[in-house]
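First comes the structure, then the notes that go with it.
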Amino acid sequence: MVAKLSTFLYPNVCLYCDDIGHAGLDLCHSCYNELPWNTRACRRCALPLQTNNAAVCGACSNRNIYFEQAFTPFIFEHFVKKAVYQFKFNSKLNYGKLLAQLLTHYIQKHNVVIPDTLIPVPLHGRRLRKRGFNQALEIARIVGRHVGCAISFKDVRRARETRVQMELSANNRYANVKNAFMLQTSKPSFTGQHVAIVDDVMTTGNTVNEVARCVKKAGAKRVDVWCIARVA
């Protein structure tokens, strides 16, 4: 009753066009339907593909992949791209909340197997102090609360500061994150568990793959990736 009254008095408002929100989201029905859904994608790394004929992209066929499957509901463009930038660089946490809710809806709608633990991609301490928050952790907190997952944010750390992947050429992205992550403890909480690495955007997948390599080596049983969007 209180929740219904609150919704009536303070209705959700679309962050894109200021219309009435839809399904408890700060996004209207029309804008929701226009989101850049990642409907044709590599079944391994979620890279958007031109056709449905290829189950796995060429990149996944020619590199070591340490995660089993990536789930990314959107292509990194249009409103989703704007929302990520507003959240990440302008500290607009309401955009982050919306993105996390959309990821949650996608996971639930597609009956994705829920892992034991979510592991947000860690930020380097210097960047964390500058930004004031870790966007991956904020997403993981909301998603984890809705799907019933524990969150591990102290077991893995970023051992060195790296450049933003989208600023680099494809050839430099692998070297940028190689060995950038390490365990914070000798007895991680996720040993023997199914985990999902959480981040906002997958560019080439090198960052989440490097985290996956770290946690697999530390004893994770299965590693998936949950991200908001994938760069085409």
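Letters A, B, ... go to the chains of the structure tokens in the order shown; residues in each chain start at 1; ligands are counted from 1 in the same order.
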
**Message:** I'd like the neighbourhood of range 132-140 of chain A as a list of chain:residue names, where a residue qualifies if any of its atoms comes within 9 Å (using only C-alpha atoms), though same-chain residues fewer than 4 positions away should be ignored.
**Reply:** A:Phe87, A:Lys88, A:Ser91, A:Leu93, A:Gly96, A:Lys97, A:Leu99, A:Ala100, A:Gln101, A:Leu103, A:Leu118, A:Ile119, A:Pro120, A:Val121, A:Pro122, A:Leu123, A:Arg127, A:Leu128, A:Gly144, A:Arg145, A:Ile151, A:Phe153, A:Ile197, A:Val198, A:Asp199, A:Asp200, A:Cys227, A:Ile228

**Request:** Using DSSP on the backbone coordinates, identify all residues within range 144-203 of chain A classified as alpha helix (DSSP H); present the result as a VMD selection string.
**Result:** chain A and resid 144 to 147 170 to 177

Using C-alpha atoms, can you export the residues from the last selection as a short mmCIF file (atom, residue, chain, number, x, y, z; two decimals), in the first residue's frame?
data_model
loop_
_atom_site.label_atom_id
_atom_site.label_comp_id
_atom_site.auth_asym_id
_atom_site.auth_seq_id
_atom_site.Cartn_x
_atom_site.Cartn_y
_atom_site.Cartn_z
CA GLY A 144 22.58 -8.68 -6.48
CA ARG A 145 19.80 -7.45 -4.22
CA HIS A 146 17.15 -8.35 -6.79
CA VAL A 147 18.48 -11.78 -7.83
CA ALA A 170 42.48 -2.96 -30.48
CA ASN A 171 46.13 -4.04 -30.48
CA ASN A 172 46.90 -2.16 -27.24
CA ARG A 173 43.86 -3.20 -25.21
CA TYR A 174 45.16 -6.66 -24.35
CA ALA A 175 48.51 -5.33 -23.11
CA ASN A 176 46.75 -2.57 -21.15
CA VAL A 177 44.99 -5.02 -18.80
#

**Item:** Residue contacts of Gln69 in chain A (12 Å, only C-alpha atoms) excluding same-chain residues fewer than 5 positions away, as a VMD selection string
**Value:** chain A and resid 41 to 47 56 60 112 to 113 194 to 197 205 208 to 209 212 222 to 227

**Message:** as a VMD selection string, please: every residue in range 123-172 of chain A that DSSP puts in strand (DSSP E or B).
**Reply:** chain A and resid 150 to 151 156 to 158

Atoms kept (all heavy atoms) for selection, written as a PDB file, in the first residue's frame:
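In the end it all went to out34.pdb:
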ATOM      1  N   ALA A 150      25.329 -12.933  -3.400  1.00  0.00           N
ATOM      2  CA  ALA A 150      26.346 -12.284  -2.576  1.00  0.00           C
ATOM      3  C   ALA A 150      27.254 -11.469  -3.498  1.00  0.00           C
ATOM      4  O   ALA A 150      27.309 -11.707  -4.709  1.00  0.00           O
ATOM      5  CB  ALA A 150      27.167 -13.333  -1.829  1.00  0.00           C
ATOM      6  N   ILE A 151      27.965 -10.501  -2.930  1.00  0.00           N
ATOM      7  CA  ILE A 151      28.884  -9.678  -3.714  1.00  0.00           C
ATOM      8  C   ILE A 151      30.274  -9.749  -3.102  1.00  0.00           C
ATOM      9  O   ILE A 151      30.451  -9.526  -1.904  1.00  0.00           O
ATOM     10  CB  ILE A 151      28.417  -8.214  -3.767  1.00  0.00           C
ATOM     11  CG1 ILE A 151      27.034  -8.121  -4.412  1.00  0.00           C
ATOM     12  CG2 ILE A 151      29.414  -7.358  -4.550  1.00  0.00           C
ATOM     13  CD1 ILE A 151      26.449  -6.739  -4.390  1.00  0.00           C
ATOM     14  N   VAL A 156      39.345  -9.451  -5.025  1.00  0.00           N
ATOM     15  CA  VAL A 156      40.168  -9.137  -6.196  1.00  0.00           C
ATOM     16  C   VAL A 156      40.432  -7.638  -6.220  1.00  0.00           C
ATOM     17  O   VAL A 156      39.543  -6.841  -5.953  1.00  0.00           O
ATOM     18  CB  VAL A 156      39.453  -9.564  -7.500  1.00  0.00           C
ATOM     19  CG1 VAL A 156      40.319  -9.241  -8.715  1.00  0.00           C
ATOM     20  CG2 VAL A 156      39.108 -11.053  -7.463  1.00  0.00           C
ATOM     21  N   ARG A 157      41.654  -7.257  -6.548  1.00  0.00           N
ATOM     22  CA  ARG A 157      41.972  -5.838  -6.662  1.00  0.00           C
ATOM     23  C   ARG A 157      42.702  -5.567  -7.969  1.00  0.00           C
ATOM     24  O   ARG A 157      43.282  -6.469  -8.582  1.00  0.00           O
ATOM     25  CB  ARG A 157      42.824  -5.370  -5.484  1.00  0.00           C
ATOM     26  CG  ARG A 157      44.245  -5.906  -5.443  1.00  0.00           C
ATOM     27  CD  ARG A 157      44.968  -5.386  -4.215  1.00  0.00           C
ATOM     28  NE  ARG A 157      46.344  -5.865  -4.135  1.00  0.00           N
ATOM     29  CZ  ARG A 157      47.393  -5.227  -4.650  1.00  0.00           C
ATOM     30  NH1 ARG A 157      47.216  -4.080  -5.287  1.00  0.00           N
ATOM     31  NH2 ARG A 157      48.609  -5.712  -4.527  1.00  0.00           N
ATOM     32  N   ARG A 158      42.649  -4.307  -8.382  1.00  0.00           N
ATOM     33  CA  ARG A 158      43.390  -3.890  -9.575  1.00  0.00           C
ATOM     34  C   ARG A 158      44.787  -3.518  -9.124  1.00  0.00           C
ATOM     35  O   ARG A 158      44.973  -2.550  -8.386  1.00  0.00           O
ATOM     36  CB  ARG A 158      42.698  -2.710 -10.258  1.00  0.00           C
ATOM     37  CG  ARG A 158      43.219  -2.439 -11.667  1.00  0.00           C
ATOM     38  CD  ARG A 158      42.476  -1.291 -12.337  1.00  0.00           C
ATOM     39  NE  ARG A 158      41.126  -1.619 -12.684  1.00  0.00           N
ATOM     40  CZ  ARG A 158      40.656  -1.713 -13.934  1.00  0.00           C
ATOM     41  NH1 ARG A 158      41.476  -1.545 -14.949  1.00  0.00           N
ATOM     42  NH2 ARG A 158      39.387  -1.979 -14.154  1.00  0.00           N
TER      43      ARG A 158
END

**Exercise: Gln193 in chain A partners within 12 Å, only C-alpha atoms, chain neighbours under 4 positions left out, as a ChimeraX atom specification** = /A:114-119,149-150,152,188-189,215-216,218-224

Write a file of the just-selected residues containing N, CA and C atoms, as an mmCIF file, in the first residue's frame.
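So again13.cif came out as:
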data_model
loop_
_atom_site.group_PDB
_atom_site.id
_atom_site.type_symbol
_atom_site.label_atom_id
_atom_site.label_comp_id
_atom_site.auth_asym_id
_atom_site.auth_seq_id
_atom_site.Cartn_x
_atom_site.Cartn_y
_atom_site.Cartn_z
ATOM 1 N N ILE A 114 21.479 -18.099 -12.101
ATOM 2 C CA ILE A 114 21.982 -17.151 -11.115
ATOM 3 C C ILE A 114 23.217 -17.729 -10.420
ATOM 4 N N PRO A 115 24.329 -16.997 -10.417
ATOM 5 C CA PRO A 115 25.546 -17.498 -9.770
ATOM 6 C C PRO A 115 25.475 -17.376 -8.250
ATOM 7 N N ASP A 116 26.479 -17.903 -7.598
ATOM 8 C CA ASP A 116 26.567 -17.772 -6.138
ATOM 9 C C ASP A 116 27.005 -16.365 -5.738
ATOM 10 N N THR A 117 27.904 -15.797 -6.546
ATOM 11 C CA THR A 117 28.535 -14.528 -6.166
ATOM 12 C C THR A 117 28.735 -13.635 -7.380
ATOM 13 N N LEU A 118 28.556 -12.329 -7.181
ATOM 14 C CA LEU A 118 28.888 -11.338 -8.196
ATOM 15 C C LEU A 118 30.214 -10.680 -7.831
ATOM 16 N N ILE A 119 31.073 -10.512 -8.830
ATOM 17 C CA ILE A 119 32.367 -9.867 -8.612
ATOM 18 C C ILE A 119 32.452 -8.633 -9.506
ATOM 19 N N CYS A 149 22.096 -12.534 -4.881
ATOM 20 C CA CYS A 149 23.506 -12.939 -4.956
ATOM 21 C C CYS A 149 24.350 -12.210 -3.918
ATOM 22 N N ALA A 150 25.329 -12.933 -3.400
ATOM 23 C CA ALA A 150 26.346 -12.284 -2.576
ATOM 24 C C ALA A 150 27.254 -11.469 -3.498
ATOM 25 N N SER A 152 31.242 -10.072 -3.926
ATOM 26 C CA SER A 152 32.640 -10.101 -3.494
ATOM 27 C C SER A 152 33.342 -8.878 -4.064
ATOM 28 N N PRO A 188 40.052 -16.681 -1.093
ATOM 29 C CA PRO A 188 38.908 -15.923 -1.617
ATOM 30 C C PRO A 188 37.581 -16.596 -1.292
ATOM 31 N N SER A 189 36.546 -15.791 -1.124
ATOM 32 C CA SER A 189 35.234 -16.300 -0.720
ATOM 33 C C SER A 189 34.542 -17.087 -1.813
ATOM 34 N N VAL A 215 40.214 -15.097 -11.315
ATOM 35 C CA VAL A 215 39.329 -15.805 -10.385
ATOM 36 C C VAL A 215 39.245 -17.299 -10.703
ATOM 37 N N LYS A 216 39.417 -17.657 -11.986
ATOM 38 C CA LYS A 216 39.462 -19.074 -12.348
ATOM 39 C C LYS A 216 40.700 -19.729 -11.720
ATOM 40 N N ALA A 218 42.105 -18.834 -9.115
ATOM 41 C CA ALA A 218 41.907 -18.861 -7.661
ATOM 42 C C ALA A 218 40.870 -19.890 -7.225
ATOM 43 N N GLY A 219 40.273 -20.606 -8.178
ATOM 44 C CA GLY A 219 39.398 -21.710 -7.797
ATOM 45 C C GLY A 219 37.918 -21.538 -8.073
ATOM 46 N N ALA A 220 37.532 -20.480 -8.799
ATOM 47 C CA ALA A 220 36.114 -20.349 -9.157
ATOM 48 C C ALA A 220 35.720 -21.519 -10.057
ATOM 49 N N LYS A 221 34.555 -22.074 -9.821
ATOM 50 C CA LYS A 221 34.098 -23.250 -10.566
ATOM 51 C C LYS A 221 33.639 -22.881 -11.965
ATOM 52 N N ARG A 222 32.887 -21.814 -12.082
ATOM 53 C CA ARG A 222 32.393 -21.315 -13.365
ATOM 54 C C ARG A 222 32.374 -19.796 -13.307
ATOM 55 N N VAL A 223 32.699 -19.166 -14.444
ATOM 56 C CA VAL A 223 32.721 -17.707 -14.507
ATOM 57 C C VAL A 223 31.882 -17.234 -15.694
ATOM 58 N N ASP A 224 30.889 -16.400 -15.413
ATOM 59 C CA ASP A 224 30.125 -15.717 -16.448
ATOM 60 C C ASP A 224 30.422 -14.228 -16.360
#

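In this model, the gap between CA of Glu68 in chain A and CA of Gly125 in chain A comes to 28.7 Å.
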
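The space separating CA of Asn64 in chain A from CA of Lys217 in chain A comes to 13.6 Å.
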
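Atom pair CA of Ala229 in chain A / CA of Gly24 in chain A: separated by 21.0 Å.
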
Neighbour list for Phe76 in chain A as a tab-separated table (two decimals) with N, CA and C atoms, in the first residue's frame, cut-off 6 Å, only C-alpha atoms, skip fewer than 5 positions in-chain:
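After the write, part-v4.tsv holds the following:
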chain	number	residue	atom	x	y	z
A	81	LYS	N	24.37	4.53	-24.27
A	81	LYS	CA	25.69	5.17	-24.23
A	81	LYS	C	25.63	6.45	-23.41
A	229	ALA	N	26.28	-3.22	-21.48
A	229	ALA	CA	26.34	-3.05	-22.93
A	229	ALA	C	27.64	-3.59	-23.51
A	230	ARG	N	27.57	-3.85	-24.82
A	230	ARG	CA	28.72	-4.36	-25.56
A	230	ARG	C	29.00	-3.43	-26.73
A	231	VAL	N	30.26	-3.06	-26.88
A	231	VAL	CA	30.67	-2.24	-28.01
A	231	VAL	C	30.67	-3.08	-29.28

**Prompt:** Nearest to Tyr16 in chain A: which of A:Thr207, A:Thr51, A:Asn62, A:Gln86 is it, counting only C-alpha atoms?
**Reply:** A:Gln86

**Asked** Pick from A:Phe71, A:Gln184, A:Leu98, A:Arg129: nearest to Val84 in chain A, with only C-alpha atoms counted?
**Response**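 Nearest candidate to Val84 in chain A out of A:Phe71, A:Gln184, A:Leu98, A:Arg129: A:Leu98.
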
**Prompt:** Contacts of Thr39 in chain A at 9 Å or less, counting only C-alpha atoms, minus same-chain residues fewer than 4 places along, as a ChimeraX atom specification?
**Reply:** /A:48-49,73-75

**Asked** Using only C-alpha atoms, which of A:Lys178, A:Arg163, A:His124, A:Lys154 sits nearest Cys214 in chain A?
**Response**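 When distances to Cys214 in chain A are compared using only C-alpha atoms, the smallest one comes from A:Lys178.
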
**Nearest-residue call for Val80 in chain A, choices A:Met166, A:Cys28, A:Ile20, A:Val201, using only C-alpha atoms** =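 Smallest distance to Val80 in chain A is found for A:Val201.
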